[in-house]
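Asks: So here's structure.txt, just compact mmCIF, C-alpha atoms and all ligand atoms:
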```txt
# COMPACT_ATOMS: atom_id res chain seq x y z
CA MET A 1 9.50 -14.27 9.16
CA SER A 2 9.46 -15.24 5.51
CA LEU A 3 6.08 -14.79 3.85
CA ILE A 4 7.25 -16.73 0.84
CA LYS A 5 7.54 -20.50 0.55
CA ASN A 6 10.38 -20.80 -1.99
CA PRO A 7 12.85 -18.32 -3.51
CA LEU A 8 11.34 -18.15 -7.00
CA ILE A 9 9.19 -15.06 -7.64
CA ILE A 10 7.45 -14.98 -11.02
CA ALA A 11 6.95 -11.55 -12.63
CA LEU A 12 3.41 -11.35 -14.02
CA ASP A 13 4.28 -8.83 -16.73
CA VAL A 14 1.00 -9.19 -18.62
CA ASP A 15 -1.96 -6.94 -19.51
CA THR A 16 -4.96 -9.06 -18.55
CA VAL A 17 -6.40 -10.91 -15.58
CA GLU A 18 -6.93 -13.95 -17.83
CA GLU A 19 -3.23 -14.20 -18.73
CA ALA A 20 -2.21 -13.71 -15.09
CA VAL A 21 -4.67 -16.27 -13.74
CA ASN A 22 -3.56 -18.85 -16.33
CA LEU A 23 0.05 -18.37 -15.26
CA VAL A 24 -0.74 -18.46 -11.53
CA ASP A 25 -2.90 -21.58 -11.83
CA GLY A 26 -0.11 -23.47 -13.60
CA LEU A 27 2.85 -22.08 -11.68
CA GLU A 28 1.47 -21.87 -8.14
CA PRO A 29 3.09 -25.14 -6.97
CA TYR A 30 6.51 -23.99 -8.19
CA ALA A 31 6.55 -20.29 -7.27
CA GLY A 32 7.16 -18.74 -3.87
CA ALA A 33 5.31 -15.59 -4.87
CA PHE A 34 4.01 -13.64 -7.85
CA LYS A 35 5.08 -10.12 -8.72
CA VAL A 36 2.60 -7.48 -9.84
CA GLY A 37 4.55 -4.74 -11.61
CA MET A 38 3.70 -1.57 -13.43
CA GLN A 39 2.33 -3.26 -16.58
CA PHE A 40 -0.28 -5.48 -14.89
CA TYR A 41 -1.06 -2.96 -12.13
CA ASN A 42 -1.57 -0.07 -14.52
CA SER A 43 -3.73 -2.24 -16.76
CA VAL A 44 -6.04 -3.71 -14.12
CA GLY A 45 -5.46 -1.69 -10.93
CA PRO A 46 -5.35 -2.72 -7.27
CA GLU A 47 -7.80 -5.53 -8.06
CA THR A 48 -4.68 -7.41 -9.28
CA ILE A 49 -3.55 -7.81 -5.67
CA ARG A 50 -6.97 -8.93 -4.44
CA ILE A 51 -7.30 -11.48 -7.27
CA LEU A 52 -3.96 -13.05 -6.36
CA LYS A 53 -4.67 -12.95 -2.62
CA ARG A 54 -7.92 -14.82 -3.23
CA LYS A 55 -5.80 -17.53 -4.88
CA ASN A 56 -3.83 -17.71 -1.64
CA VAL A 57 -0.48 -16.79 -3.14
CA SER A 58 2.06 -14.29 -1.80
CA VAL A 59 2.23 -11.05 -3.77
CA PHE A 60 5.20 -8.76 -4.39
CA VAL A 61 3.85 -5.34 -5.38
CA ASP A 62 6.66 -3.93 -7.52
CA LEU A 63 5.66 -0.31 -8.11
CA LYS A 64 9.13 1.10 -7.30
CA LEU A 65 7.77 4.08 -5.35
CA HIS A 66 9.85 7.25 -5.70
CA ASP A 67 8.35 10.59 -4.59
CA ILE A 68 8.37 12.89 -1.56
CA PRO A 69 8.18 11.02 1.78
CA ASN A 70 4.53 11.89 2.48
CA THR A 71 3.34 10.64 -0.92
CA VAL A 72 5.38 7.45 -0.76
CA ALA A 73 4.19 6.75 2.79
CA GLY A 74 0.58 7.15 1.62
CA ALA A 75 1.09 4.70 -1.24
CA ALA A 76 2.95 2.21 1.00
CA ARG A 77 0.04 2.36 3.45
CA VAL A 78 -2.47 1.49 0.72
CA ILE A 79 -0.33 -1.34 -0.67
CA ALA A 80 0.16 -2.82 2.82
CA ARG A 81 -3.60 -2.68 3.43
CA HIS A 82 -4.17 -4.72 0.26
CA GLY A 83 -2.07 -7.51 1.79
CA ALA A 84 1.19 -7.34 -0.18
CA SER A 85 3.94 -9.62 1.15
CA ILE A 86 6.66 -7.39 -0.36
CA LEU A 87 6.61 -3.80 -1.63
CA ASN A 88 9.43 -1.61 -2.89
CA VAL A 89 10.66 1.97 -3.07
CA HIS A 90 13.67 3.50 -4.83
CA ALA A 91 16.75 3.95 -2.62
CA ALA A 92 17.48 7.09 -4.67
CA GLY A 93 14.47 8.69 -2.92
CA GLY A 94 16.67 9.02 0.18
CA SER A 95 16.58 7.74 3.74
CA THR A 96 13.70 9.93 4.98
CA MET A 97 11.50 8.63 2.18
CA MET A 98 12.52 5.02 2.82
CA ARG A 99 11.90 5.32 6.57
CA ALA A 100 8.48 6.91 5.96
CA ALA A 101 7.50 4.02 3.66
CA ALA A 102 8.66 1.32 6.08
CA GLU A 103 6.90 2.90 9.05
CA ALA A 104 3.68 3.54 7.13
CA ALA A 105 3.56 -0.04 5.80
CA ARG A 106 4.14 -1.52 9.27
CA ASP A 107 1.62 0.73 11.01
CA GLU A 108 -1.05 0.07 8.42
CA ALA A 109 -0.49 -3.71 8.41
CA GLU A 110 -0.90 -3.70 12.19
CA ARG A 111 -4.03 -1.55 12.01
CA ALA A 112 -5.58 -3.71 9.26
CA GLY A 113 -4.59 -6.97 10.96
CA VAL A 114 -2.61 -8.28 7.99
CA ASP A 115 0.99 -9.57 7.86
CA HIS A 116 3.68 -6.87 7.80
CA PRO A 117 4.98 -6.61 4.24
CA GLN A 118 8.72 -6.73 3.69
CA VAL A 119 9.71 -3.27 2.44
CA VAL A 120 12.75 -3.31 0.15
CA ALA A 121 14.74 -0.66 -1.73
CA VAL A 122 15.49 -0.82 -5.44
CA THR A 123 19.19 0.02 -5.88
CA VAL A 124 20.62 0.19 -9.41
CA LEU A 125 18.38 -1.44 -12.05
CA THR A 126 19.81 -4.60 -13.60
CA SER A 127 19.28 -3.10 -17.06
CA ILE A 128 21.92 -0.43 -16.31
CA ASP A 129 25.59 -1.09 -17.08
CA GLN A 130 28.63 0.78 -15.80
CA ARG A 131 28.83 3.13 -18.80
CA MET A 132 25.16 4.11 -18.62
CA PHE A 133 25.47 4.59 -14.86
CA ASN A 134 28.38 7.03 -15.17
CA ASP A 135 27.69 8.74 -18.54
CA GLU A 136 23.89 8.79 -18.83
CA ILE A 137 22.66 8.85 -15.23
CA GLY A 138 25.70 10.89 -14.19
CA ILE A 139 26.62 9.09 -10.98
CA PRO A 140 30.41 8.64 -10.65
CA GLY A 141 32.08 5.51 -9.28
CA ALA A 142 31.47 1.78 -9.49
CA ILE A 143 27.89 0.46 -9.50
CA ARG A 144 28.78 -2.06 -6.79
CA GLU A 145 29.91 0.67 -4.38
CA ARG A 146 26.72 2.69 -4.93
CA VAL A 147 24.56 -0.44 -4.44
CA VAL A 148 26.31 -1.33 -1.16
CA SER A 149 26.05 2.21 0.12
CA TRP A 150 22.31 2.36 -0.73
CA ALA A 151 21.82 -1.07 0.89
CA LYS A 152 23.42 0.18 4.13
CA MET A 153 21.25 3.31 4.00
CA ALA A 154 18.13 1.16 3.47
CA LYS A 155 19.03 -1.01 6.45
CA GLU A 156 19.61 2.10 8.63
CA ALA A 157 16.21 3.42 7.52
CA GLY A 158 14.52 0.24 8.79
CA LEU A 159 13.93 -1.52 5.48
CA ASP A 160 14.03 -5.30 5.25
CA GLY A 161 16.29 -5.52 2.22
CA VAL A 162 17.08 -4.46 -1.33
CA VAL A 163 16.57 -5.32 -4.97
CA ALA A 164 19.96 -5.62 -6.67
CA SER A 165 21.78 -7.54 -9.36
CA PRO A 166 23.16 -10.98 -8.44
CA ARG A 167 26.62 -9.57 -9.09
CA GLU A 168 26.34 -7.42 -5.96
CA ILE A 169 25.08 -10.14 -3.58
CA THR A 170 28.41 -10.92 -1.93
CA ALA A 171 29.23 -7.28 -1.22
CA ILE A 172 25.73 -6.60 0.17
CA ARG A 173 25.84 -9.70 2.38
CA GLU A 174 29.18 -8.58 3.81
CA ALA A 175 27.88 -5.10 4.52
CA CYS A 176 24.33 -5.87 5.71
CA GLY A 177 24.45 -9.38 7.20
CA THR A 178 22.69 -12.69 6.73
CA ASP A 179 19.15 -11.61 7.66
CA PHE A 180 19.00 -8.81 5.11
CA VAL A 181 16.67 -9.66 2.20
CA ILE A 182 18.33 -9.58 -1.23
CA ILE A 183 15.98 -9.86 -4.21
CA THR A 184 17.71 -10.36 -7.53
CA PRO A 185 16.16 -9.82 -10.96
CA GLY A 186 18.45 -10.10 -13.97
CA VAL A 187 18.41 -13.86 -13.56
CA ARG A 188 18.88 -15.91 -16.71
CA PRO A 189 19.27 -19.70 -17.01
CA ALA A 190 22.45 -20.63 -18.95
CA GLY A 191 21.91 -20.05 -22.67
CA ALA A 192 18.69 -18.02 -22.21
CA VAL A 193 18.14 -14.74 -24.03
CA VAL A 194 19.19 -11.81 -21.78
CA ASN A 195 16.73 -9.30 -23.39
CA ASP A 196 17.27 -5.79 -21.96
CA GLN A 197 19.04 -7.06 -18.81
CA LYS A 198 22.75 -6.19 -18.42
CA ARG A 199 24.05 -7.37 -15.01
CA THR A 200 22.84 -10.99 -15.19
CA MET A 201 23.66 -14.36 -13.62
CA THR A 202 22.21 -17.88 -13.63
CA PRO A 203 19.63 -18.80 -10.96
CA GLY A 204 21.93 -21.44 -9.45
CA ASP A 205 24.82 -19.00 -9.05
CA ALA A 206 22.56 -16.29 -7.59
CA VAL A 207 21.22 -18.65 -4.92
CA ARG A 208 24.69 -20.04 -4.14
CA LEU A 209 25.95 -16.50 -3.60
CA GLY A 210 23.14 -15.83 -1.13
CA ALA A 211 20.13 -14.34 -2.93
CA THR A 212 17.01 -14.53 -0.75
CA TYR A 213 14.58 -14.42 -3.70
CA LEU A 214 14.99 -14.50 -7.48
CA VAL A 215 12.64 -12.55 -9.75
CA VAL A 216 12.14 -14.18 -13.13
CA GLY A 217 9.82 -12.92 -15.84
CA ARG A 218 10.28 -13.64 -19.53
CA PRO A 219 12.36 -16.84 -19.20
CA VAL A 220 9.25 -18.37 -17.58
CA ILE A 221 6.17 -16.44 -18.72
CA ALA A 222 7.27 -16.25 -22.37
CA ALA A 223 8.55 -19.85 -22.48
CA PRO A 224 6.65 -22.32 -24.68
CA ASP A 225 5.97 -24.28 -21.46
CA PRO A 226 6.10 -21.93 -18.43
CA VAL A 227 5.62 -24.75 -15.91
CA GLU A 228 8.56 -26.71 -17.35
CA ALA A 229 10.69 -23.55 -17.38
CA ALA A 230 9.91 -22.87 -13.69
CA LYS A 231 10.60 -26.49 -12.74
CA ALA A 232 13.96 -26.35 -14.53
CA ILE A 233 14.91 -23.25 -12.53
CA LEU A 234 13.89 -24.91 -9.25
CA ARG A 235 15.93 -28.02 -10.17
CA GLU A 236 18.93 -25.81 -10.86
CA ILE A 237 18.73 -23.97 -7.54
CA SER A 238 17.90 -26.95 -5.30
O1 LIG B 1 11.58 -10.68 -17.87
P1 LIG B 1 12.61 -10.44 -16.83
O2 LIG B 1 13.06 -11.69 -16.09
O3 LIG B 1 13.78 -9.62 -17.31
O4 LIG B 1 11.81 -9.56 -15.75
C1 LIG B 1 12.40 -9.04 -14.61
C2 LIG B 1 11.34 -8.40 -13.78
O5 LIG B 1 11.97 -7.80 -12.67
C3 LIG B 1 10.55 -7.29 -14.46
O6 LIG B 1 9.21 -7.37 -13.99
C4 LIG B 1 11.18 -6.01 -13.99
O7 LIG B 1 10.26 -4.95 -13.87
C5 LIG B 1 11.72 -6.41 -12.64
N1 LIG B 1 12.99 -5.78 -12.32
C6 LIG B 1 13.18 -5.19 -11.11
N2 LIG B 1 14.35 -4.59 -10.81
C7 LIG B 1 15.36 -4.62 -11.64
C8 LIG B 1 15.21 -5.25 -12.87
C9 LIG B 1 14.00 -5.82 -13.18
O8 LIG B 1 12.26 -5.19 -10.30
N3 LIG B 1 16.52 -4.12 -11.29
```
Starting from the coordinates I provided, produce the structure as structure tokens.
Replies:
Amino acid sequence: MSLIKNPLIIALDVDTVEEAVNLVDGLEPYAGAFKVGMQFYNSVGPETIRILKRKNVSVFVDLKLHDIPNTVAGAARVIARHGASILNVHAAGGSTMMRAAAEAARDEAERAGVDHPQVVAVTVLTSIDQRMFNDEIGIPGAIRERVVSWAKMAKEAGLDGVVASPREITAIREACGTDFVIITPGVRPAGAVVNDQKRTMTPGDAVRLGATYLVVGRPVIAAPDPVEAAKAILREIS
């Protein structure tokens, strides 16, 4: 079941509740969900999730958990209890860690009587290019092959999907099927500034290739008119 009403997820990369609430109030009709990431969460804490839930919007808690299985399972349990619709862990934490997170989130959602969150694995960050991947991180081979292999491992471990660049959508769909959730950041409308993103694509192309959800931050939240920027993205993908 999808907990999210349209594919556009807005990243609330802000420091304050006031900034977040202003964005949510304006963008709520155009966004499927709002993403709380490490900036907003570390500034305000778990209250961020409760504030958004009170506004009746779906929340993606993007804390990219990566630790030993017991610690990650504990954190996934807490995030599920808060009512997240999506939470994520790093695929590089391995299959035991991923399985522990997925099971903990499901068990806790059941116990607390809230919807099961979708648990997804972060593959290779969209800010990493092929050279950085091989020379700096030290993993040999093509990024696409690593992403597909992590996506298959995530599926085996009982996760609902992955976070990946739009450039890997086709290969992931082939390997993991139509029901597998693919969340793509690194989305930039034609002509927009790419910032620190490397493996980018336009929203229209990402959806045509089969992205389940798009995560967009600065092209909307830093736009002179965030509502107009979100509407333009929705027009492009519809
Ligand atoms: O501003 P921008 O659209 O680049 O923001 C993308 C958002 O997606 C950020 O909140 C970032 O933390 C997140 N992200 C992610 N996984 C990636 C790349 C970005 O969750 N691979």
Asks: Taking into account all atoms listed in the file, which residue in the set A:Val78, A:Val122, A:Val163, A:Met153 is nearest to Thr96 (chain A)?
Replies: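 Going through A:Val78, A:Val122, A:Val163, A:Met153 one by one, the smallest distance to Thr96 (chain A) is for A:Met153.
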Asks: Give me, as a PDB file with C-alpha atoms, in the coordinates of the input, the set of residues whose atoms come within 6 Å of any atom of ligand LIG 1 (chain B), counting all atoms listed in the file.
Replies:
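Below you can see part.pdb, which holds the result:
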```
ATOM      1  CA  ALA A  11       6.950 -11.550 -12.630  1.00  0.00           C
ATOM      2  CA  ASP A  13       4.280  -8.830 -16.730  1.00  0.00           C
ATOM      3  CA  GLY A  37       4.550  -4.740 -11.610  1.00  0.00           C
ATOM      4  CA  LEU A 125      18.380  -1.440 -12.050  1.00  0.00           C
ATOM      5  CA  THR A 126      19.810  -4.600 -13.600  1.00  0.00           C
ATOM      6  CA  ALA A 164      19.960  -5.620  -6.670  1.00  0.00           C
ATOM      7  CA  PRO A 185      16.160  -9.820 -10.960  1.00  0.00           C
ATOM      8  CA  GLY A 186      18.450 -10.100 -13.970  1.00  0.00           C
ATOM      9  CA  VAL A 215      12.640 -12.550  -9.750  1.00  0.00           C
ATOM     10  CA  VAL A 216      12.140 -14.180 -13.130  1.00  0.00           C
ATOM     11  CA  GLY A 217       9.820 -12.920 -15.840  1.00  0.00           C
ATOM     12  CA  ARG A 218      10.280 -13.640 -19.530  1.00  0.00           C
TER      13      ARG A 218
END
```
Asks: Mind checking which residues fall within 8 Å of Met201 (chain A), counting all atoms listed in the file, ignoring those fewer than 4 positions away in the same chain, and posting them as a ChimeraX atom specification?
Replies: /A:166-167,186-189,205-206
Asks: Considering only C-alpha atoms, return as a PyMOL selection string whatever protein or nucleic-acid residues lie within 7 Å of region 43-58 of chain A, sequence-local ones (same chain, fewer than 3 positions apart) excluded.
Replies: chain A and resi 3-4+15+33-34+39-40+82+85
Asks: Do you know which residues are at most 7 Å from Thr212 (chain A) counting only C-alpha atoms, after dropping those on the same chain fewer than 6 positions away, and could you put them as a list in words?
Replies: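 The residues satisfying every condition are Pro7, Val181, Ile182 and Ile183 of chain A.
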Asks: Write the residues you've just listed into a file as a CSV table (one decimal), in the frame of the given file, and include C-alpha atoms for each of them.
Replies:
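In the end it all went to part_20.csv:
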```csv
chain,number,residue,atom,x,y,z
A,7,PRO,CA,12.8,-18.3,-3.5
A,181,VAL,CA,16.7,-9.7,2.2
A,182,ILE,CA,18.3,-9.6,-1.2
A,183,ILE,CA,16.0,-9.9,-4.2
```
Asks: Which residues are near Pro117 (chain A)? Cut-off 7 Å, only C-alpha atoms, ignore same chain within fewer than 3 positions. Put them as a list of chain:residue names.
Replies: A:Ala80, A:Ala84, A:Ser85, A:Ile86, A:Leu87, A:Ala105
